[in-house]
$ cat input_22.csv   # CSV, N, CA and C atoms and all ligand atoms
chain,number,residue,atom,x,y,z
A,1,MET,N,0.8,-1.2,0.0
A,1,MET,CA,0.0,0.0,0.0
A,1,MET,C,0.9,1.2,0.0
A,2,SER,N,0.8,2.0,-1.1
A,2,SER,CA,1.7,3.2,-1.2
A,2,SER,C,0.8,4.4,-0.8
A,3,LEU,N,1.4,5.3,-0.1
A,3,LEU,CA,0.8,6.5,0.2
A,3,LEU,C,1.2,7.6,-0.7
A,4,LYS,N,0.2,8.5,-1.1
A,4,LYS,CA,0.5,9.6,-1.9
A,4,LYS,C,0.0,10.9,-1.3
A,5,TYR,N,0.6,12.0,-1.7
A,5,TYR,CA,0.3,13.3,-1.1
A,5,TYR,C,-0.9,13.9,-1.9
A,6,CYS,N,-1.7,14.6,-1.2
A,6,CYS,CA,-2.7,15.5,-1.8
A,6,CYS,C,-2.0,16.5,-2.6
A,7,GLN,N,-2.5,16.8,-3.8
A,7,GLN,CA,-1.9,17.8,-4.7
A,7,GLN,C,-2.4,19.2,-4.5
A,8,GLY,N,-3.2,19.4,-3.5
A,8,GLY,CA,-3.7,20.8,-3.2
A,8,GLY,C,-2.5,21.6,-2.8
A,9,PRO,N,-2.3,22.8,-3.5
A,9,PRO,CA,-1.2,23.6,-3.2
A,9,PRO,C,-1.2,24.2,-1.8
A,10,ASP,N,-2.4,24.3,-1.2
A,10,ASP,CA,-2.6,24.9,0.2
A,10,ASP,C,-3.0,23.9,1.2
A,11,CYS,N,-2.9,22.6,0.9
A,11,CYS,CA,-3.4,21.6,1.8
A,11,CYS,C,-2.8,21.8,3.2
A,12,HIS,N,-1.5,22.0,3.3
A,12,HIS,CA,-0.8,22.2,4.6
A,12,HIS,C,-1.2,23.4,5.4
A,13,THR,N,-1.9,24.3,4.8
A,13,THR,CA,-2.3,25.5,5.5
A,13,THR,C,-3.6,25.4,6.2
A,14,TYR,N,-4.3,24.3,6.0
A,14,TYR,CA,-5.6,24.1,6.7
A,14,TYR,C,-5.3,23.4,8.0
A,15,THR,N,-5.6,24.0,9.1
A,15,THR,CA,-5.0,23.6,10.4
A,15,THR,C,-6.0,22.6,11.1
A,16,THR,N,-6.1,21.4,10.5
A,16,THR,CA,-6.9,20.4,11.1
A,16,THR,C,-6.0,19.5,11.9
A,17,GLN,N,-6.5,18.8,12.9
A,17,GLN,CA,-5.7,17.9,13.8
A,17,GLN,C,-5.0,16.8,13.0
A,18,ASP,N,-5.6,16.3,12.0
A,18,ASP,CA,-5.0,15.2,11.2
A,18,ASP,C,-3.8,15.6,10.4
A,19,ARG,N,-3.7,17.0,10.2
A,19,ARG,CA,-2.5,17.5,9.4
A,19,ARG,C,-1.4,17.8,10.3
A,20,LEU,N,-1.6,17.8,11.6
A,20,LEU,CA,-0.6,18.2,12.6
A,20,LEU,C,0.3,17.0,12.9
A,21,LYS,N,1.6,17.0,12.5
A,21,LYS,CA,2.4,15.9,12.6
A,21,LYS,C,3.7,16.2,13.2
A,22,GLY,N,4.4,15.2,13.7
A,22,GLY,CA,5.8,15.4,14.3
A,22,GLY,C,5.7,15.5,15.8
A,23,THR,N,6.8,15.7,16.4
A,23,THR,CA,6.9,15.7,17.9
A,23,THR,C,7.3,17.1,18.3
A,24,LYS,N,6.8,17.5,19.5
A,24,LYS,CA,7.2,18.8,20.1
A,24,LYS,C,8.7,18.9,20.2
A,25,PRO,N,9.3,20.0,19.9
A,25,PRO,CA,8.7,21.3,19.5
A,25,PRO,C,8.7,21.5,18.0
A,26,ASN,N,8.7,20.4,17.3
A,26,ASN,CA,8.8,20.5,15.8
A,26,ASN,C,7.6,20.1,15.1
A,27,LYS,N,6.4,20.2,15.8
A,27,LYS,CA,5.2,19.9,15.1
A,27,LYS,C,4.9,20.9,14.0
A,28,THR,N,4.4,20.3,12.8
A,28,THR,CA,4.0,21.2,11.7
A,28,THR,C,2.7,20.6,11.1
A,29,TYR,N,2.0,21.6,10.5
A,29,TYR,CA,0.8,21.1,9.7
A,29,TYR,C,1.4,20.7,8.3
A,30,GLN,N,1.0,19.5,7.9
A,30,GLN,CA,1.6,18.9,6.7
A,30,GLN,C,0.5,18.6,5.7
A,31,THR,N,0.9,18.5,4.4
A,31,THR,CA,0.1,18.1,3.4
A,31,THR,C,-0.4,16.7,3.7
A,32,ARG,N,-1.7,16.5,3.5
A,32,ARG,CA,-2.3,15.2,3.8
A,32,ARG,C,-1.7,14.1,2.9
A,33,ARG,N,-1.5,12.9,3.5
A,33,ARG,CA,-1.0,11.8,2.8
A,33,ARG,C,-1.9,10.6,3.0
A,34,ARG,N,-2.3,10.0,1.9
A,34,ARG,CA,-3.3,8.9,2.1
A,34,ARG,C,-3.0,7.8,1.1
A,35,SER,N,-3.5,6.6,1.4
A,35,SER,CA,-3.4,5.5,0.4
A,35,SER,C,-4.5,5.7,-0.7
A,36,ARG,N,-5.6,6.4,-0.3
A,36,ARG,CA,-6.7,6.6,-1.3
A,36,ARG,C,-7.3,7.9,-1.1
A,37,MET,N,-7.5,8.6,-2.2
A,37,MET,CA,-8.2,9.9,-2.1
A,37,MET,C,-9.3,9.9,-3.1
A,38,TYR,N,-10.4,10.6,-2.8
A,38,TYR,CA,-11.6,10.4,-3.6
A,38,TYR,C,-12.0,11.6,-4.5
A,39,TYR,N,-11.2,12.6,-4.6
A,39,TYR,CA,-11.5,13.8,-5.4
A,39,TYR,C,-10.4,13.9,-6.5
A,40,GLY,N,-10.9,14.4,-7.7
A,40,GLY,CA,-10.0,14.7,-8.8
A,40,GLY,C,-9.1,13.6,-9.2
A,41,GLN,N,-9.8,12.5,-9.5
A,41,GLN,CA,-9.2,11.2,-9.9
A,41,GLN,C,-8.1,10.7,-8.9
A,42,GLY,N,-8.5,10.9,-7.7
A,42,GLY,CA,-7.6,10.3,-6.6
A,42,GLY,C,-6.4,11.2,-6.3
A,43,ASN,N,-6.4,12.5,-6.6
A,43,ASN,CA,-5.3,13.3,-6.4
A,43,ASN,C,-5.5,14.4,-5.3
A,44,PHE,N,-6.7,14.5,-4.8
A,44,PHE,CA,-7.0,15.5,-3.8
A,44,PHE,C,-7.7,14.9,-2.6
A,45,CYS,N,-7.4,15.5,-1.4
A,45,CYS,CA,-8.0,14.9,-0.2
A,45,CYS,C,-9.5,15.4,0.0
A,46,ASP,N,-9.8,16.6,-0.6
A,46,ASP,CA,-11.2,17.1,-0.5
A,46,ASP,C,-11.4,18.1,-1.6
A,47,GLN,N,-12.7,18.5,-1.7
A,47,GLN,CA,-13.0,19.4,-2.8
A,47,GLN,C,-12.3,20.8,-2.7
A,48,ARG,N,-12.0,21.2,-1.5
A,48,ARG,CA,-11.4,22.5,-1.4
A,48,ARG,C,-10.0,22.4,-2.0
A,49,CYS,N,-9.2,21.4,-1.7
A,49,CYS,CA,-7.9,21.2,-2.3
A,49,CYS,C,-8.0,21.1,-3.8
A,50,MET,N,-9.0,20.4,-4.3
A,50,MET,CA,-9.2,20.3,-5.7
A,50,MET,C,-9.4,21.7,-6.4
A,51,TYR,N,-10.3,22.5,-5.8
A,51,TYR,CA,-10.5,23.8,-6.3
A,51,TYR,C,-9.3,24.7,-6.1
A,52,ASP,N,-8.6,24.6,-5.0
A,52,ASP,CA,-7.4,25.4,-4.9
A,52,ASP,C,-6.4,25.1,-6.0
A,53,TRP,N,-6.3,23.8,-6.4
A,53,TRP,CA,-5.4,23.5,-7.5
A,53,TRP,C,-5.9,24.2,-8.8
A,54,PHE,N,-7.2,24.1,-9.0
A,54,PHE,CA,-7.7,24.8,-10.3
A,54,PHE,C,-7.5,26.3,-10.2
A,55,GLU,N,-7.6,26.9,-9.1
A,55,GLU,CA,-7.4,28.3,-9.0
A,55,GLU,C,-5.9,28.7,-9.3
A,56,THR,N,-5.0,27.8,-8.9
A,56,THR,CA,-3.6,28.0,-9.1
A,56,THR,C,-3.2,27.6,-10.5
A,57,PHE,N,-3.6,26.5,-11.0
A,57,PHE,CA,-3.1,26.0,-12.2
A,57,PHE,C,-4.1,25.8,-13.4
A,58,GLY,N,-5.4,26.1,-13.1
A,58,GLY,CA,-6.4,25.8,-14.1
A,58,GLY,C,-6.2,26.5,-15.5
A,59,GLU,N,-5.9,27.8,-15.4
A,59,GLU,CA,-5.7,28.6,-16.6
A,59,GLU,C,-4.6,28.0,-17.5
A,60,ARG,N,-3.5,27.7,-16.8
A,60,ARG,CA,-2.4,27.1,-17.6
A,60,ARG,C,-2.7,25.7,-18.1
A,61,ALA,N,-3.4,24.9,-17.3
A,61,ALA,CA,-3.8,23.6,-17.8
A,61,ALA,C,-4.7,23.7,-19.0
A,62,ILE,N,-5.7,24.6,-19.0
A,62,ILE,CA,-6.6,24.7,-20.1
A,62,ILE,C,-5.8,25.1,-21.4
A,63,ASN,N,-4.9,26.1,-21.2
A,63,ASN,CA,-4.1,26.5,-22.3
A,63,ASN,C,-3.2,25.4,-22.9
A,64,HIS,N,-2.7,24.6,-21.9
A,64,HIS,CA,-1.8,23.5,-22.3
A,64,HIS,C,-2.6,22.4,-23.1
A,65,PHE,N,-3.7,22.0,-22.6
A,65,PHE,CA,-4.4,20.9,-23.1
A,65,PHE,C,-5.4,21.2,-24.2
A,66,GLY,N,-5.6,22.5,-24.4
A,66,GLY,CA,-6.5,22.9,-25.5
A,66,GLY,C,-7.7,23.6,-25.1
A,67,ARG,N,-7.8,24.9,-25.3
A,67,ARG,CA,-9.0,25.7,-24.9
A,67,ARG,C,-10.1,25.5,-26.0
A,68,THR,N,-11.3,25.4,-25.5
A,68,THR,CA,-12.5,25.4,-26.4
A,68,THR,C,-12.6,26.8,-26.9
A,69,THR,N,-12.6,26.9,-28.3
A,69,THR,CA,-12.7,28.2,-28.9
A,69,THR,C,-13.9,28.3,-29.8
A,70,ASP,N,-14.7,27.2,-29.9
A,70,ASP,CA,-15.9,27.3,-30.7
A,70,ASP,C,-17.0,26.5,-29.9
A,71,ALA,N,-18.2,26.9,-30.2
A,71,ALA,CA,-19.3,26.1,-29.5
A,71,ALA,C,-19.3,24.7,-30.0
A,72,LYS,N,-19.5,23.7,-29.1
A,72,LYS,CA,-19.8,22.4,-29.5
A,72,LYS,C,-21.3,22.2,-29.6
A,73,HIS,N,-21.7,21.3,-30.5
A,73,HIS,CA,-23.2,21.2,-30.7
A,73,HIS,C,-23.7,19.8,-30.4
A,74,LEU,N,-24.7,19.7,-29.6
A,74,LEU,CA,-25.4,18.4,-29.4
A,74,LEU,C,-26.4,18.2,-30.5
A,75,ARG,N,-26.2,17.2,-31.3
A,75,ARG,CA,-27.1,16.9,-32.4
A,75,ARG,C,-27.6,15.5,-32.2
A,76,GLU,N,-28.6,15.2,-33.1
A,76,GLU,CA,-29.2,13.8,-33.0
A,76,GLU,C,-28.2,12.7,-33.0
A,77,HIS,N,-27.1,12.8,-33.8
A,77,HIS,CA,-26.2,11.7,-34.0
A,77,HIS,C,-25.3,11.5,-32.8
A,78,ASN,N,-25.2,12.5,-31.9
A,78,ASN,CA,-24.3,12.4,-30.7
A,78,ASN,C,-25.0,12.7,-29.4
A,79,ALA,N,-26.4,12.5,-29.4
A,79,ALA,CA,-27.2,12.9,-28.2
A,79,ALA,C,-27.6,11.7,-27.4
A,80,TRP,N,-27.0,10.5,-27.7
A,80,TRP,CA,-27.4,9.3,-26.9
A,80,TRP,C,-26.8,9.2,-25.6
A,81,VAL,N,-27.6,9.0,-24.5
A,81,VAL,CA,-27.1,8.8,-23.2
A,81,VAL,C,-27.7,7.5,-22.7
A,82,LYS,N,-27.0,6.9,-21.7
A,82,LYS,CA,-27.6,5.7,-21.1
A,82,LYS,C,-28.4,6.0,-19.9
A,83,ASP,N,-29.4,5.3,-19.6
A,83,ASP,CA,-30.2,5.5,-18.4
A,83,ASP,C,-30.9,4.2,-18.1
A,84,TYR,N,-31.6,4.2,-16.9
A,84,TYR,CA,-32.4,3.0,-16.6
A,84,TYR,C,-33.5,3.4,-15.7
A,85,ASP,N,-34.5,2.5,-15.7
A,85,ASP,CA,-35.6,2.7,-14.7
A,85,ASP,C,-35.4,1.7,-13.6
A,86,TRP,N,-35.4,2.1,-12.4
A,86,TRP,CA,-35.1,1.3,-11.2
A,86,TRP,C,-36.1,0.2,-11.0
A,87,ARG,N,-35.7,-1.0,-11.0
A,87,ARG,CA,-36.5,-2.2,-10.6
A,87,ARG,C,-37.9,-2.2,-11.2
A,88,VAL,N,-38.1,-1.9,-12.4
A,88,VAL,CA,-39.4,-1.8,-13.0
A,88,VAL,C,-39.9,-3.2,-13.6
A,89,ASN,N,-39.0,-4.1,-13.8
A,89,ASN,CA,-39.3,-5.4,-14.4
A,89,ASN,C,-40.0,-6.3,-13.4
A,90,ALA,N,-40.7,-7.3,-13.9
A,90,ALA,CA,-41.4,-8.2,-13.0
A,90,ALA,C,-40.4,-8.9,-12.0
A,91,ASP,N,-39.2,-9.1,-12.4
A,91,ASP,CA,-38.2,-9.8,-11.5
A,91,ASP,C,-37.4,-8.8,-10.7
A,92,ASP,N,-37.9,-7.6,-10.6
A,92,ASP,CA,-37.2,-6.5,-9.8
A,92,ASP,C,-35.9,-6.0,-10.4
A,93,SER,N,-35.6,-6.4,-11.7
A,93,SER,CA,-34.4,-5.9,-12.3
A,93,SER,C,-34.7,-4.5,-12.9
A,94,HIS,N,-33.6,-3.8,-13.3
A,94,HIS,CA,-33.7,-2.5,-13.9
A,94,HIS,C,-34.0,-2.6,-15.4
A,95,ARG,N,-34.6,-1.6,-16.0
A,95,ARG,CA,-34.8,-1.6,-17.4
A,95,ARG,C,-33.8,-0.6,-18.0
A,96,TYR,N,-32.9,-1.1,-18.8
A,96,TYR,CA,-31.8,-0.3,-19.3
A,96,TYR,C,-32.2,0.2,-20.7
A,97,TYR,N,-31.8,1.4,-21.0
A,97,TYR,CA,-32.1,2.0,-22.4
A,97,TYR,C,-31.1,3.1,-22.7
A,98,SER,N,-31.0,3.3,-24.0
A,98,SER,CA,-30.4,4.5,-24.5
A,98,SER,C,-31.4,5.5,-24.8
A,99,LEU,N,-31.2,6.8,-24.5
A,99,LEU,CA,-32.1,7.9,-24.7
A,99,LEU,C,-31.5,8.9,-25.5
A,100,ASN,N,-32.1,9.3,-26.6
A,100,ASN,CA,-31.6,10.4,-27.4
A,100,ASN,C,-32.2,11.7,-26.9
A,101,LYS,N,-31.2,12.6,-26.4
A,101,LYS,CA,-31.7,13.8,-25.7
A,101,LYS,C,-32.3,14.9,-26.7
A,102,ILE,N,-32.1,14.7,-28.0
A,102,ILE,CA,-32.7,15.6,-28.9
A,102,ILE,C,-34.1,15.0,-29.3
A,103,THR,N,-34.2,13.8,-29.8
A,103,THR,CA,-35.4,13.3,-30.3
A,103,THR,C,-36.3,12.6,-29.2
A,104,ARG,N,-35.7,12.3,-28.0
A,104,ARG,CA,-36.3,11.6,-26.9
A,104,ARG,C,-36.6,10.1,-27.2
A,105,GLU,N,-36.1,9.7,-28.4
A,105,GLU,CA,-36.2,8.2,-28.7
A,105,GLU,C,-35.5,7.4,-27.7
A,106,GLN,N,-36.1,6.2,-27.3
A,106,GLN,CA,-35.5,5.3,-26.4
A,106,GLN,C,-35.3,4.0,-27.1
A,107,ARG,N,-34.1,3.4,-26.9
A,107,ARG,CA,-33.8,2.1,-27.4
A,107,ARG,C,-33.3,1.2,-26.3
A,108,PRO,N,-33.8,-0.1,-26.2
A,108,PRO,CA,-33.5,-0.9,-25.1
A,108,PRO,C,-32.0,-1.3,-25.1
A,109,LEU,N,-31.4,-1.5,-23.9
A,109,LEU,CA,-30.0,-1.9,-23.8
A,109,LEU,C,-30.0,-3.2,-22.9
A,110,THR,N,-29.1,-4.0,-23.1
A,110,THR,CA,-28.8,-5.1,-22.1
A,110,THR,C,-28.0,-4.5,-21.0
A,111,GLU,N,-28.0,-5.2,-19.9
A,111,GLU,CA,-27.2,-4.7,-18.7
A,111,GLU,C,-25.8,-4.7,-19.1
A,112,ALA,N,-25.3,-5.6,-19.9
A,112,ALA,CA,-23.9,-5.7,-20.3
A,112,ALA,C,-23.6,-4.4,-21.2
A,113,GLN,N,-24.5,-4.1,-22.1
A,113,GLN,CA,-24.3,-2.9,-22.9
A,113,GLN,C,-24.2,-1.6,-22.0
A,114,TYR,N,-25.1,-1.6,-21.1
A,114,TYR,CA,-25.2,-0.4,-20.2
A,114,TYR,C,-23.9,-0.3,-19.4
A,115,ASN,N,-23.3,-1.4,-19.0
A,115,ASN,CA,-22.1,-1.3,-18.2
A,115,ASN,C,-20.8,-1.2,-19.0
A,116,ASP,N,-20.9,-1.5,-20.3
A,116,ASP,CA,-19.7,-1.4,-21.2
A,116,ASP,C,-19.5,0.1,-21.5
A,117,THR,N,-18.5,0.7,-21.0
A,117,THR,CA,-18.2,2.1,-21.1
A,117,THR,C,-17.9,2.5,-22.6
A,118,SER,N,-17.5,1.5,-23.4
A,118,SER,CA,-17.1,1.8,-24.8
A,118,SER,C,-18.4,1.6,-25.7
A,119,TYR,N,-19.5,1.1,-25.2
A,119,TYR,CA,-20.6,0.9,-26.0
A,119,TYR,C,-21.5,2.2,-26.0
A,120,THR,N,-21.7,2.7,-27.2
A,120,THR,CA,-22.6,3.9,-27.4
A,120,THR,C,-23.2,3.9,-28.7
A,121,LEU,N,-24.3,4.6,-28.8
A,121,LEU,CA,-25.0,4.7,-30.1
A,121,LEU,C,-24.5,6.0,-30.8
A,122,ASN,N,-23.7,6.8,-30.1
A,122,ASN,CA,-23.2,8.1,-30.7
A,122,ASN,C,-22.2,7.8,-31.7
A,123,GLU,N,-22.3,8.6,-32.8
A,123,GLU,CA,-21.3,8.6,-33.8
A,123,GLU,C,-20.1,9.4,-33.4
A,124,ARG,N,-18.9,8.9,-33.7
A,124,ARG,CA,-17.7,9.6,-33.2
A,124,ARG,C,-17.4,10.8,-34.1
A,201,ZN,ZN,-5.5,18.3,0.6

$ encode --input "input_22.csv" --output "structure tokens"
Amino acid sequence: MSLKYCQGPDCHTYTTQDRLKGTKPNKTYQTRRRSRMYYGQGNFCDQRCMYDWFETFGERAINHFGRTTDAKHLREHNAWVKDYDWRVNADDSHRYYSLNKITREQRPLTEAQYNDTSYTLNER
């Protein structure tokens, strides 16, 4: 089990007891270190640290990875999303379907298709 540090640039400045480490007289508030974190793809200990990162680096990150400079369009050919109705079948199972957000058309899905993240009706 490897521990990793929260990537929040100000994590160490939040004075919670769990961040206070070391022995007197050398105690310091330190960046949180965990085996598992649940924010920002496992890089941040909480939402505040995630937003701190974006405040500090977001502008540069967007410029680096490509800024959106034209409107994207949701059209019939790429408007399919997956959804399900909770336990509506006689056997208490869910009813899975693809829904077109433009036309409102529904097409049935198997549970396997629903769970397959690469399966889509959208055209690339
Ligand atoms: Zn943090």

$ residues_near_ligand --input "input_22.csv" --ligand "ligand ZN 201 (chain A)" --cutoff "8 Å" --atoms "all atoms listed in the file" --output "PyMOL selection string"
chain A and resi 5-12+30-33+43-50

$ atom_distance --input "input_22.csv" --atom1 "atom CA of Tyr96 of chain A" --atom2 "atom N of Ala112 of chain A"
8.4 Å

$ select_by_dssp --input "input_22.csv" --residues "chain A" --states "alpha helix (DSSP H)" --output "PyMOL selection string"
chain A and resi 47-65+111-115

$ atom_distance --input "input_22.csv" --atom1 "atom CA of Asp85 of chain A" --atom2 "atom CA of Tyr97 of chain A"
8.5 Å

$ closest_residue --input "input_22.csv" --among "A:Arg60, A:Arg95, A:Lys27, A:Arg19" --to "Leu109 of chain A" --atoms "only C-alpha atoms"
A:Arg95

$ select_by_dssp --input "input_22.csv" --residues "chain A" --states "strand (DSSP E or B)" --output "list in words"
Lys4, Tyr5, Leu20, Lys21, Thr28, Tyr29, Arg33, Arg34, Tyr39, Phe44, Trp80, Val81, Lys82, Asp83, Tyr84, Asp85, Arg95, Tyr96, Tyr97, Ser98, Leu99, Asn100, Gln106, Arg107 and Pro108 of chain A

$ atom_distance --input "input_22.csv" --atom1 "atom N of Lys101 of chain A" --atom2 "atom CA of Ala79 of chain A"
4.4 Å

$ axis_aligned_box --input "input_22.csv" --around "segment 93-96 of chain A" --padding-each-side "6 Å" --output "JSON"
{"center_x": -33.7, "center_y": -3.1, "center_z": -16.2, "size_x": 15.8, "size_y": 18.6, "size_z": 21.0}

$ residues_around --input "input_22.csv" --residues "Asn100 of chain A" --least-positions-apart "3" --cutoff "8 Å" --atoms "only C-alpha atoms" --output "ChimeraX atom specification"
/A:76,79-81,103-106
